[in-house]
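K.L.:
Sharing entry.tsv (TSV, C-alpha atoms and all ligand atoms) below.
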chain	number	residue	atom	x	y	z
Z	51	MET	CA	44.92	-33.56	41.90
Z	52	ILE	CA	44.41	-30.03	40.59
Z	53	LYS	CA	46.84	-28.63	38.07
Z	54	ILE	CA	47.92	-25.01	38.42
Z	55	LEU	CA	48.78	-23.11	35.26
Z	56	GLU	CA	50.40	-19.70	35.27
Z	57	ASN	CA	49.96	-16.64	33.09
Z	58	TYR	CA	47.04	-18.23	31.23
Z	59	ASP	CA	45.29	-16.49	28.31
Z	60	LEU	CA	41.52	-16.44	28.78
Z	61	ALA	CA	40.70	-15.41	25.18
Z	62	LYS	CA	39.07	-18.76	24.35
Z	63	LEU	CA	37.19	-18.82	27.66
Z	64	ASN	CA	35.05	-15.73	27.17
Z	65	THR	CA	32.48	-15.25	24.39
Z	66	PHE	CA	33.70	-11.71	23.67
Z	67	GLY	CA	36.94	-13.43	22.68
Z	68	VAL	CA	39.10	-10.76	24.31
Z	69	SER	CA	42.55	-11.62	25.52
Z	70	ALA	CA	43.30	-11.29	29.24
Z	71	TYR	CA	45.84	-13.19	31.27
Z	72	ALA	CA	45.09	-14.92	34.57
Z	73	LYS	CA	48.02	-15.04	36.97
Z	74	PHE	CA	46.93	-18.56	37.96
Z	75	PHE	CA	44.42	-20.86	36.29
Z	76	ILE	CA	42.92	-24.17	37.34
Z	77	GLU	CA	40.06	-26.46	36.31
Z	78	ILE	CA	37.70	-28.09	38.79
Z	79	ASN	CA	36.56	-31.50	37.57
Z	80	HIS	CA	35.34	-33.18	40.79
Z	81	GLU	CA	33.93	-31.96	44.10
Z	82	ASP	CA	37.10	-33.37	45.73
Z	83	ASP	CA	39.13	-30.85	43.72
Z	84	LEU	CA	37.27	-28.13	45.57
Z	85	LYS	CA	38.40	-29.41	48.97
Z	86	GLU	CA	41.99	-29.44	47.76
Z	87	LEU	CA	41.56	-25.96	46.29
Z	88	PHE	CA	39.97	-24.42	49.39
Z	89	SER	CA	42.74	-25.68	51.65
Z	90	SER	CA	45.61	-24.49	49.43
Z	91	SER	CA	47.56	-21.37	50.35
Z	92	LEU	CA	47.50	-20.28	46.70
Z	93	PHE	CA	43.70	-20.03	46.94
Z	94	LYS	CA	43.74	-18.28	50.31
Z	95	ASP	CA	46.36	-15.71	49.28
Z	96	ASN	CA	44.93	-14.67	45.91
Z	97	GLU	CA	41.95	-12.90	44.48
Z	98	LYS	CA	39.60	-15.49	42.95
Z	99	LEU	CA	37.24	-15.65	40.01
Z	100	PHE	CA	34.98	-18.61	39.26
Z	101	LEU	CA	34.30	-18.94	35.56
Z	102	GLY	CA	31.71	-20.94	33.63
Z	103	GLY	CA	31.20	-20.38	29.91
Z	104	GLY	CA	32.50	-16.81	30.04
Z	105	SER	CA	29.34	-15.61	28.27
Z	106	ASN	CA	28.47	-12.89	30.76
Z	107	VAL	CA	31.86	-11.39	31.57
Z	108	LEU	CA	34.01	-8.68	30.08
Z	109	PHE	CA	37.69	-8.87	30.94
Z	110	THR	CA	38.80	-5.25	30.95
Z	111	LYS	CA	42.35	-6.09	32.05
Z	112	ASP	CA	44.50	-9.05	33.10
Z	113	PHE	CA	43.30	-10.89	36.21
Z	114	ASN	CA	45.91	-10.70	38.93
Z	115	GLY	CA	44.65	-13.73	40.83
Z	116	ILE	CA	43.35	-17.25	40.36
Z	117	VAL	CA	40.70	-18.14	37.77
Z	118	ILE	CA	38.83	-21.36	38.52
Z	119	LEU	CA	37.04	-22.98	35.58
Z	120	ASN	CA	33.99	-24.97	36.62
Z	121	LYS	CA	33.88	-28.39	34.94
Z	122	LEU	CA	31.77	-30.25	37.50
Z	123	LYS	CA	29.57	-32.60	35.46
Z	124	GLY	CA	26.55	-34.80	36.06
Z	125	ILE	CA	22.75	-34.67	35.70
Z	126	ASP	CA	20.49	-36.91	37.82
Z	127	ILE	CA	16.82	-37.32	38.55
Z	128	ILE	CA	16.73	-37.32	42.34
Z	129	GLU	CA	13.01	-37.51	43.09
Z	130	GLU	CA	9.68	-37.66	41.32
Z	131	ASP	CA	5.97	-38.02	41.86
Z	132	SER	CA	3.02	-38.06	39.50
Z	133	GLU	CA	3.24	-34.32	38.89
Z	134	TYR	CA	6.86	-33.21	39.30
Z	135	VAL	CA	10.39	-34.37	38.74
Z	136	PHE	CA	13.38	-33.02	40.63
Z	137	ILE	CA	16.63	-32.89	38.67
Z	138	ARG	CA	20.04	-32.12	40.10
Z	139	SER	CA	22.62	-30.78	37.71
Z	140	PHE	CA	26.21	-30.01	38.53
Z	141	GLY	CA	27.23	-26.45	37.80
Z	142	GLY	CA	29.78	-27.18	35.09
Z	143	GLU	CA	27.17	-28.68	32.76
Z	144	LYS	CA	26.31	-26.55	29.75
Z	145	TRP	CA	22.95	-24.85	30.32
Z	146	HIS	CA	21.60	-25.82	26.91
Z	147	GLY	CA	22.80	-29.38	27.48
Z	148	LEU	CA	20.60	-29.55	30.57
Z	149	VAL	CA	17.69	-28.00	28.64
Z	150	THR	CA	18.12	-30.64	25.93
Z	151	PHE	CA	18.06	-33.42	28.52
Z	152	VAL	CA	14.88	-32.01	30.12
Z	153	VAL	CA	13.12	-31.30	26.82
Z	154	ASP	CA	13.98	-34.74	25.42
Z	155	SER	CA	12.60	-36.31	28.62
Z	156	GLU	CA	9.38	-34.34	27.95
Z	157	TYR	CA	9.41	-32.40	31.19
Z	158	TRP	CA	8.15	-28.80	31.14
Z	159	GLY	CA	9.72	-25.67	32.60
Z	160	VAL	CA	12.96	-24.77	30.83
Z	161	GLU	CA	11.97	-25.01	27.15
Z	162	ASN	CA	11.62	-21.19	26.85
Z	163	LEU	CA	15.19	-20.87	28.12
Z	164	SER	CA	16.62	-22.96	25.26
Z	165	PHE	CA	19.89	-22.01	23.62
Z	166	ILE	CA	21.15	-19.57	26.28
Z	167	PRO	CA	24.94	-19.94	26.42
Z	168	GLY	CA	26.85	-20.65	29.62
Z	169	THR	CA	26.81	-23.11	32.47
Z	170	VAL	CA	24.19	-24.33	34.93
Z	171	GLY	CA	26.24	-22.96	37.84
Z	172	ALA	CA	26.24	-19.40	36.52
Z	173	ALA	CA	22.58	-19.40	35.50
Z	174	PRO	CA	21.17	-18.53	38.96
Z	175	VAL	CA	23.75	-15.72	39.40
Z	176	GLN	CA	21.83	-13.41	37.10
Z	177	ASN	CA	18.57	-15.37	37.14
Z	178	ILE	CA	18.73	-16.00	33.39
Z	179	GLY	CA	15.55	-15.23	31.58
Z	180	ALA	CA	14.07	-15.23	28.10
Z	181	TYR	CA	10.69	-15.34	26.37
Z	182	GLY	CA	8.62	-14.87	29.51
Z	183	VAL	CA	10.43	-17.35	31.77
Z	184	GLU	CA	13.18	-16.95	34.35
Z	185	ILE	CA	15.26	-19.70	35.88
Z	186	LYS	CA	13.85	-18.78	39.31
Z	187	ASP	CA	10.52	-20.27	38.15
Z	188	VAL	CA	12.06	-23.77	38.15
Z	189	ILE	CA	14.77	-23.63	40.82
Z	190	GLU	CA	14.17	-25.60	44.00
Z	191	ASN	CA	17.59	-25.24	45.66
Z	192	VAL	CA	21.07	-23.99	44.87
Z	193	GLU	CA	24.00	-25.95	46.29
Z	194	THR	CA	27.08	-23.91	47.10
Z	195	TYR	CA	30.41	-23.80	48.88
Z	196	GLU	CA	31.29	-20.75	50.93
Z	197	ILE	CA	34.57	-19.56	49.49
Z	198	GLU	CA	36.00	-18.25	52.78
Z	199	SER	CA	35.36	-21.40	54.83
Z	200	GLY	CA	34.90	-24.12	52.19
Z	201	LYS	CA	31.66	-25.13	53.95
Z	202	LYS	CA	28.66	-26.42	52.01
Z	203	ARG	CA	25.46	-24.39	52.08
Z	204	ILE	CA	22.15	-25.01	50.35
Z	205	PHE	CA	20.10	-21.95	49.41
Z	206	THR	CA	16.35	-22.31	48.98
Z	207	ASN	CA	14.76	-20.50	46.06
Z	208	LYS	CA	13.57	-17.74	48.41
Z	209	GLU	CA	17.01	-17.31	49.96
Z	210	CYS	CA	18.48	-16.64	46.50
Z	211	GLU	CA	16.58	-13.30	46.41
Z	212	PHE	CA	15.97	-13.52	42.69
Z	213	GLY	CA	15.00	-10.43	40.70
Z	214	TYR	CA	15.28	-9.19	37.13
Z	215	ARG	CA	18.77	-10.40	36.09
Z	216	GLU	CA	19.65	-10.38	39.77
Z	217	SER	CA	20.18	-12.69	42.71
Z	218	ILE	CA	21.88	-12.61	46.06
Z	219	PHE	CA	24.97	-14.08	44.29
Z	220	LYS	CA	25.27	-10.96	42.12
Z	221	ASN	CA	24.60	-8.55	44.98
Z	222	LYS	CA	24.99	-9.04	48.74
Z	223	LEU	CA	26.95	-12.27	48.43
Z	224	LYS	CA	28.89	-11.46	45.25
Z	225	GLY	CA	32.08	-13.53	45.08
Z	226	LYS	CA	31.32	-15.23	48.42
Z	227	TYR	CA	29.81	-18.52	47.24
Z	228	PHE	CA	30.67	-21.00	44.51
Z	229	ILE	CA	27.58	-22.65	42.99
Z	230	SER	CA	28.39	-26.35	42.65
Z	231	ALA	CA	24.95	-27.70	41.66
Z	232	VAL	CA	21.35	-26.65	41.12
Z	233	ILE	CA	18.16	-28.60	41.83
Z	234	PHE	CA	15.25	-27.99	39.47
Z	235	LYS	CA	11.56	-28.74	39.95
Z	236	LEU	CA	9.99	-29.51	36.59
Z	237	ASN	CA	6.48	-30.32	35.51
Z	238	LYS	CA	5.52	-33.68	34.09
Z	239	LYS	CA	2.27	-32.24	32.79
Z	240	GLN	CA	2.01	-29.60	30.11
Z	241	ASN	CA	2.77	-26.19	31.58
Z	242	LEU	CA	2.86	-23.98	28.54
Z	243	ASN	CA	4.20	-20.44	28.58
Z	244	SER	CA	3.65	-19.02	25.11
Z	245	LYS	CA	2.29	-15.59	25.97
Z	246	TYR	CA	5.46	-13.76	25.04
Z	247	GLU	CA	4.55	-11.79	21.89
Z	248	VAL	CA	7.42	-12.87	19.62
Z	249	LEU	CA	6.96	-16.53	20.54
Z	250	LYS	CA	3.18	-16.37	20.15
Z	251	LYS	CA	3.54	-14.84	16.70
Z	252	TYR	CA	6.13	-17.43	15.63
Z	253	LEU	CA	3.88	-20.31	16.70
Z	254	GLU	CA	0.88	-18.81	14.91
Z	255	GLU	CA	2.73	-17.96	11.70
Z	256	ASN	CA	4.30	-21.41	11.49
Z	257	LYS	CA	1.04	-23.12	12.51
Z	258	ILE	CA	2.74	-24.98	15.33
Z	259	GLU	CA	0.42	-26.80	17.67
Z	260	VAL	CA	2.40	-27.32	20.85
Z	261	LYS	CA	2.24	-30.90	22.06
Z	262	ILE	CA	5.64	-31.50	23.64
Z	263	PRO	CA	8.33	-29.20	25.14
Z	264	ARG	CA	10.45	-29.80	22.03
Z	265	ASP	CA	7.89	-27.81	19.97
Z	266	ILE	CA	8.60	-24.71	22.07
Z	267	SER	CA	12.32	-25.38	22.33
Z	268	ASP	CA	12.71	-25.66	18.54
Z	269	ALA	CA	10.72	-22.45	18.05
Z	270	ILE	CA	12.89	-20.59	20.56
Z	271	ILE	CA	16.10	-21.88	18.98
Z	272	SER	CA	14.94	-20.74	15.57
Z	273	ILE	CA	13.91	-17.27	16.84
Z	274	ARG	CA	17.18	-16.84	18.72
Z	275	LYS	CA	19.30	-17.91	15.73
Z	276	SER	CA	17.57	-15.32	13.54
Z	277	LYS	CA	18.09	-12.50	16.04
Z	278	LEU	CA	21.27	-12.95	18.00
Z	279	PRO	CA	24.84	-13.11	16.76
Z	280	ASP	CA	26.61	-16.42	17.42
Z	281	PRO	CA	29.73	-15.84	19.57
Z	282	VAL	CA	31.49	-18.56	17.55
Z	283	PHE	CA	31.53	-16.14	14.59
Z	284	ILE	CA	31.37	-12.74	16.27
Z	285	GLY	CA	32.43	-12.03	19.86
Z	286	ASN	CA	29.61	-10.87	22.12
Z	287	ALA	CA	27.99	-11.52	25.49
Z	288	GLY	CA	24.32	-11.28	24.56
Z	289	SER	CA	22.54	-8.26	26.03
Z	290	PHE	CA	25.19	-5.94	27.37
Z	291	PHE	CA	22.68	-3.72	29.20
Z	292	LYS	CA	19.58	-4.40	31.25
Z	293	ASN	CA	16.18	-3.04	30.29
Z	294	VAL	CA	15.26	0.11	32.17
Z	295	TYR	CA	12.57	0.25	34.85
Z	296	THR	CA	11.10	3.66	35.62
Z	297	ASN	CA	7.87	5.34	36.73
Z	298	GLN	CA	4.82	6.45	34.75
Z	299	GLU	CA	5.72	10.13	35.15
Z	300	LYS	CA	9.04	9.62	33.34
Z	301	ILE	CA	7.32	7.60	30.61
Z	302	GLU	CA	4.87	10.42	29.95
Z	303	GLU	CA	7.71	12.95	29.83
Z	304	ILE	CA	9.59	10.94	27.17
Z	305	LYS	CA	6.42	10.13	25.23
Z	306	LYS	CA	5.86	13.87	24.61
Z	307	ASP	CA	8.85	13.75	22.23
Z	308	TYR	CA	8.65	10.06	21.31
Z	309	PRO	CA	5.01	8.95	21.25
Z	310	ASP	CA	6.08	5.65	19.65
Z	311	MET	CA	8.27	4.61	22.59
Z	312	PRO	CA	7.46	1.03	23.64
Z	313	SER	CA	6.81	0.57	27.36
Z	314	PHE	CA	5.42	-2.29	29.43
Z	315	LYS	CA	3.73	-2.12	32.82
Z	316	GLU	CA	5.26	-4.67	35.18
Z	317	PHE	CA	3.86	-4.54	38.71
Z	318	GLU	CA	4.29	-0.96	39.97
Z	319	LYS	CA	7.09	-0.10	37.51
Z	320	VAL	CA	7.23	0.48	33.77
Z	321	LYS	CA	9.83	-1.21	31.55
Z	322	ILE	CA	11.48	0.50	28.59
Z	323	PRO	CA	13.50	-1.76	26.27
Z	324	ALA	CA	17.09	-0.55	26.57
Z	325	GLY	CA	17.64	-1.54	22.92
Z	326	TRP	CA	15.09	1.08	21.84
Z	327	LEU	CA	16.85	3.82	23.83
Z	328	ILE	CA	20.22	2.86	22.34
Z	329	GLU	CA	18.79	2.75	18.83
Z	330	LYS	CA	17.22	6.20	19.23
Z	331	CYS	CA	20.66	7.54	20.16
Z	332	GLY	CA	21.87	6.35	16.75
Z	333	TRP	CA	24.06	3.48	17.94
Z	334	LYS	CA	22.42	0.52	16.22
Z	335	GLY	CA	24.80	-1.00	13.66
Z	336	LYS	CA	27.52	1.57	14.45
Z	337	ARG	CA	31.14	0.44	14.40
Z	338	VAL	CA	33.96	2.11	16.33
Z	339	GLY	CA	37.32	0.54	15.44
Z	340	ASN	CA	37.23	-3.14	16.38
Z	341	VAL	CA	33.99	-2.92	18.33
Z	342	GLY	CA	30.40	-1.98	17.63
Z	343	VAL	CA	26.69	-2.28	18.28
Z	344	HIS	CA	25.03	-5.20	16.51
Z	345	GLU	CA	23.00	-4.28	13.43
Z	346	LYS	CA	19.94	-6.37	14.41
Z	347	GLN	CA	20.00	-5.95	18.18
Z	348	ALA	CA	21.13	-2.67	19.74
Z	349	LEU	CA	21.53	-4.29	23.18
Z	350	VAL	CA	24.39	-6.44	21.92
Z	351	LEU	CA	27.94	-5.07	21.74
Z	352	VAL	CA	30.28	-6.97	19.46
Z	353	ASN	CA	33.97	-7.60	18.95
Z	354	TYR	CA	34.65	-7.55	15.20
Z	355	GLY	CA	38.03	-9.14	15.91
Z	356	GLY	CA	41.10	-8.11	17.82
Z	357	ALA	CA	39.26	-5.83	20.28
Z	358	THR	CA	40.46	-5.35	23.82
Z	359	GLY	CA	38.08	-5.45	26.77
Z	360	LYS	CA	38.91	-1.79	27.36
Z	361	GLU	CA	37.61	-0.86	23.87
Z	362	ILE	CA	34.30	-2.60	24.60
Z	363	LEU	CA	34.11	-0.93	28.01
Z	364	ASP	CA	34.76	2.49	26.43
Z	365	LEU	CA	32.01	1.92	23.87
Z	366	SER	CA	29.60	0.94	26.65
Z	367	MET	CA	30.46	4.15	28.52
Z	368	GLN	CA	29.79	6.28	25.45
Z	369	ILE	CA	26.40	4.59	25.04
Z	370	ILE	CA	25.51	5.13	28.70
Z	371	THR	CA	26.42	8.82	28.40
Z	372	SER	CA	24.36	9.38	25.27
Z	373	VAL	CA	21.26	7.66	26.70
Z	374	GLU	CA	21.66	9.72	29.87
Z	375	THR	CA	21.98	12.96	27.89
Z	376	LYS	CA	19.04	12.26	25.58
Z	377	PHE	CA	16.57	10.61	27.94
Z	378	GLY	CA	17.81	11.28	31.48
Z	379	LEU	CA	17.87	7.52	32.12
Z	380	THR	CA	20.86	5.53	33.36
Z	381	LEU	CA	21.60	2.23	31.64
Z	382	GLU	CA	22.93	-0.54	33.86
Z	383	ARG	CA	25.30	-3.16	32.52
Z	384	GLU	CA	24.10	-6.77	32.61
Z	385	VAL	CA	27.56	-8.12	31.82
Z	386	ASN	CA	30.00	-8.53	34.74
Z	387	LEU	CA	33.06	-6.31	34.40
Z	388	ILE	CA	36.23	-8.04	35.56
V	1	LIG	C1	24.62	-14.90	22.49
V	1	LIG	C2	24.23	-14.76	23.94
V	1	LIG	C3	22.90	-14.77	24.29
V	1	LIG	C4	22.52	-14.66	25.63
V	1	LIG	N1	21.20	-14.68	25.95
V	1	LIG	C5	20.81	-14.57	27.23
V	1	LIG	C6	19.41	-14.61	27.58
V	1	LIG	O1	18.55	-14.76	26.73
V	1	LIG	N2	19.08	-14.47	28.87
V	1	LIG	C7	20.03	-14.32	29.86
V	1	LIG	O2	19.63	-14.21	31.02
V	1	LIG	N3	21.34	-14.30	29.57
V	1	LIG	C8	21.75	-14.41	28.29
V	1	LIG	N4	23.09	-14.38	27.97
V	1	LIG	C9	24.07	-14.21	29.04
V	1	LIG	C10	24.69	-15.51	29.56
V	1	LIG	O3	24.44	-16.57	28.68
V	1	LIG	C11	24.17	-15.89	30.94
V	1	LIG	O4	24.36	-14.86	31.86
V	1	LIG	C12	24.83	-17.17	31.47
V	1	LIG	O5	24.15	-17.61	32.63
V	1	LIG	C13	26.31	-16.99	31.82
V	1	LIG	O6	26.85	-18.24	32.10
V	1	LIG	P1	28.41	-18.50	32.07
V	1	LIG	O7	28.64	-19.88	32.54
V	1	LIG	O8	28.93	-18.17	30.72
V	1	LIG	O9	28.90	-17.45	33.14
V	1	LIG	P2	30.30	-16.63	33.24
V	1	LIG	O10	30.27	-15.61	32.13
V	1	LIG	O11	31.40	-17.62	33.20
V	1	LIG	O12	30.15	-15.98	34.62
V	1	LIG	C14	29.18	-14.97	34.87
V	1	LIG	C15	29.29	-14.51	36.32
V	1	LIG	O13	28.91	-15.57	37.20
V	1	LIG	C16	29.99	-15.93	38.06
V	1	LIG	N5	29.99	-17.39	38.13
V	1	LIG	C17	30.16	-18.25	37.09
V	1	LIG	N6	30.04	-19.53	37.53
V	1	LIG	C18	29.80	-19.46	38.85
V	1	LIG	C19	29.57	-20.43	39.87
V	1	LIG	N7	29.57	-21.74	39.60
V	1	LIG	N8	29.36	-20.00	41.14
V	1	LIG	C20	29.34	-18.68	41.43
V	1	LIG	N9	29.55	-17.72	40.53
V	1	LIG	C21	29.76	-18.10	39.25
V	1	LIG	C22	31.25	-15.40	37.40
V	1	LIG	O14	32.26	-15.15	38.35
V	1	LIG	C23	30.72	-14.13	36.74
V	1	LIG	O15	30.62	-13.08	37.68
V	1	LIG	C24	23.50	-14.51	26.64
V	1	LIG	C25	24.87	-14.52	26.28
V	1	LIG	C26	25.23	-14.66	24.94
V	1	LIG	C27	26.68	-14.69	24.56
Using structure tokens, write down the structure from this file.
P.N.:
Amino acid sequence: MIKILENYDLAKLNTFGVSAYAKFFIEINHEDDLKELFSSSLFKDNEKLFLGGGSNVLFTKDFNGIVILNKLKGIDIIEEDSEYVFIRSFGGEKWHGLVTFVVDSEYWGVENLSFIPGTVGAAPVQNIGAYGVEIKDVIENVETYEIESGKKRIFTNKECEFGYRESIFKNKLKGKYFISAVIFKLNKKQNLNSKYEVLKKYLEENKIEVKIPRDISDAIISIRKSKLPDPVFIGNAGSFFKNVYTNQEKIEEIKKDYPDMPSFKEFEKVKIPAGWLIEKCGWKGKRVGNVGVHEKQALVLVNYGGATGKEILDLSMQIITSVETKFGLTLEREVNLI
């Protein structure tokens, strides 16, 4: 039986650590809870928000509806052959918990995605990615419930329309489906992805000869710990903005004034690291009241303590304006504004 709480503070349920009150709040612990939830009038009559680890949301105000915390747990091997193993994980599992299970079982595919906060169920929403790998590379199917009808639907990888920090669940079908479980296809044989420059350098400098997925996973954890602030100590949601994709013409225009600008050709577009643009606008390490831009990583906005979501939103707007004014490029937020 689901328990409904009222006027619930979400401060401990988002990694920015900002306070925001949900009119109603419930936890989903079993798939049966979902059936009960979908048929309740409370659910039908209110705005809804499904929440995982709260590591990619910014609450800018109280939520005048029902917040549903996903606690569906369970990881199973459902099929395997000599080459691949198929693993089904419920959406309320911690993403890094699943990675640990896979890495310890010596299957390949998610080791580069070690130590990303959040849940398995939210991971396909923005197609999490890091160090040259995206979750789309290992997803077979995504199991969902349609929120309107409560009916089950399985999306194939292709149907998820994955892109850079994008999927159908963040675009066309935003707020329409709840992801209950994800099925992953992982390699039993070594399938190394160590081309990403920072990772390659780390492995070389530390003379690490990769034999098992744990070798990569440990390297990634160490790199991430040295670069990114831990939300346990300082509120943040990882990269607040997406990198910018533009055309060669624009790159050449900017390079006239900034010949050192890093840019990377990716298919027919060119990527500019958003962190570089923000840094060049003088924001890196800057503090404005309770909020600021992290000193080591200009893409990360932080809550020094006691900040409201509105303060973080305002800072993000100032950054967007200055990048637009200086470079004529529009930054897009990666974090979901609620
Ligand atoms: C320190 C730090 C580092 C990070 N590094 C990375 C990184 O390297 N790469 C990367 O891609 N991301 C990164 N992130 C962002 C974040 O970890 C991911 O986006 C993660 O997948 C969010 O999971 P969550 O469970 O916390 O989602 P939430 O923040 O709880 O939710 C995010 C969005 O998904 C929706 N949602 C949540 N669960 C479900 C569900 N079951 N069904 C449907 N919709 C749902 C929510 O409504 C919301 O819109 C980082 C964040 C932090 C704090």
K.L.:
Name the residues in contact with Lys73 (chain Z) at a cut-off of 9 Å, using all atoms listed in the file, excluding same-chain residues fewer than 5 positions from it; report them as a list in words.
P.N.:
Leu55, Glu56, Asn57, Tyr58, Asp112, Phe113, Asn114, Gly115, Ile116 and Val117 of chain Z
K.L.:
Quote the spacing between CA of Ser91 (chain Z) and atom C20 of ligand LIG 1 (chain V) in Å to one decimal place.
P.N.:
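If I compute the distance from CA of Ser91 (chain Z) to atom C20 of ligand LIG 1 (chain V), I get 20.5 Å.
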K.L.:
Find the spatial neighbours of region 345-348 of chain Z, counting all atoms listed in the file, within a cut-off of 7 Å - ignore same-chain residues fewer than 2 positions away - and output them as a PyMOL selection string.
P.N.:
chain Z and resi 277+325+328-329+334-335+343+350
K.L.:
Please, what distance in Å, to one decimal, runs between atom N1 of ligand LIG 1 (chain V) and CA of Ser289 (chain Z)?
P.N.:
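Between atom N1 of ligand LIG 1 (chain V) and CA of Ser289 (chain Z) the gap works out to 6.6 Å.
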K.L.:
May I have the residues within 8 Å of ligand LIG 1 (chain V), computed using all atoms listed in the file, as a PyMOL selection string?
P.N.:
chain Z and resi 64-66+99-107+120+141-142+144-145+163+165-181+184+194+215+219-220+224-225+227-231+278-281+285-289+385-388
K.L.:
Pick from Z:Arg383, Z:Leu119, Z:Phe283, Z:Glu86: nearest to Val352 (chain Z), with only C-alpha atoms counted?
P.N.:
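Of Z:Arg383, Z:Leu119, Z:Phe283, Z:Glu86, the one nearest Val352 (chain Z) is Z:Phe283, counting only C-alpha atoms.
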K.L.:
Just the residues within 7 Å of Leu381 (chain Z), please, counting all atoms listed in the file, with nothing from its chain fewer than 4 positions along; format it as a list in words.
P.N.:
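Selected residues are Phe291, Lys292, Val294 and Ile370 of chain Z.
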K.L.:
Please determine, counting only C-alpha atoms, which residue among Z:Arg203, Z:Lys360, Z:Lys261, Z:Lys186 has the shortest atom-to-atom distance to Lys111 (chain Z).
P.N.:
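Closest to Lys111 (chain Z), using only C-alpha atoms: Z:Lys360.
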K.L.:
With all atoms listed in the file counted, which protein, DNA or RNA residues have an atom no more than 9 Å from (20.4, 4.5, 32.7) in the file frame? Please answer as a list in words.
P.N.:
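Taken together, the residues in range are Asn293, Val294, Ala324, Ile370, Thr371, Val373, Glu374, Phe377, Gly378, Leu379, Thr380, Leu381 and Glu382 of chain Z.
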K.L.:
Which is closer to Tyr295 (chain Z) than all the others in Z:Ser217, Z:Gln240, Z:Asn79, Z:Ser313, using all atoms listed in the file?
P.N.:
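Closest to Tyr295 (chain Z) of all the choices is Z:Ser313.
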K.L.:
Tell me which of Z:Ile284, Z:Leu84, Z:Ile270, Z:Val160 sits closest to Gly200 (chain Z), counting all atoms listed in the file.
P.N.:
Z:Leu84
K.L.:
For each of Z:Tyr308, Z:Phe74, Z:Phe317, Z:Phe290, take the minimum atom-to-atom distance to His344 (chain Z), counting only C-alpha atoms, then give the residue where this is smallest.
P.N.:
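With only C-alpha atoms as the atom set, the closest residue is Z:Phe290.
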K.L.:
Quick check, in Å to one decimal: how far apart do CA of Ser276 (chain Z) and CA of Val152 (chain Z) lie?
P.N.:
23.7 Å
K.L.:
Identify which of the residues Z:Phe88, Z:Asp59, Z:Leu108, Z:Asn256 lies closest to Gly359 (chain Z), counting all atoms listed in the file when measuring atom-to-atom distances.
P.N.:
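Ranked by minimum distance to Gly359 (chain Z), first place goes to Z:Leu108.
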K.L.:
Can you pull out the residues contacting Asp265 (chain Z)? Cut-off 12 Å, using all atoms listed in the file, and skip same-chain residues under 5 positions away; I want them as a list of chain:residue names.
P.N.:
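What passes the distance filter is Z:Val153, Z:Asp154, Z:Glu156, Z:Trp158, Z:Glu161, Z:Asn162, Z:Ser164, Z:Gln240, Z:Leu242, Z:Asn243, Z:Ser244, Z:Leu249, Z:Tyr252, Z:Leu253, Z:Asn256, Z:Lys257, Z:Ile258, Z:Glu259, Z:Val260, Z:Ile270, Z:Ile271, Z:Ser272.
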K.L.:
Residues at most 6 Å from Ile137 (chain Z), counting only C-alpha atoms, excluding those fewer than 6 positions away in the same chain, as an NGL selection string?
P.N.:
:Z and (126-128 or 233-234)
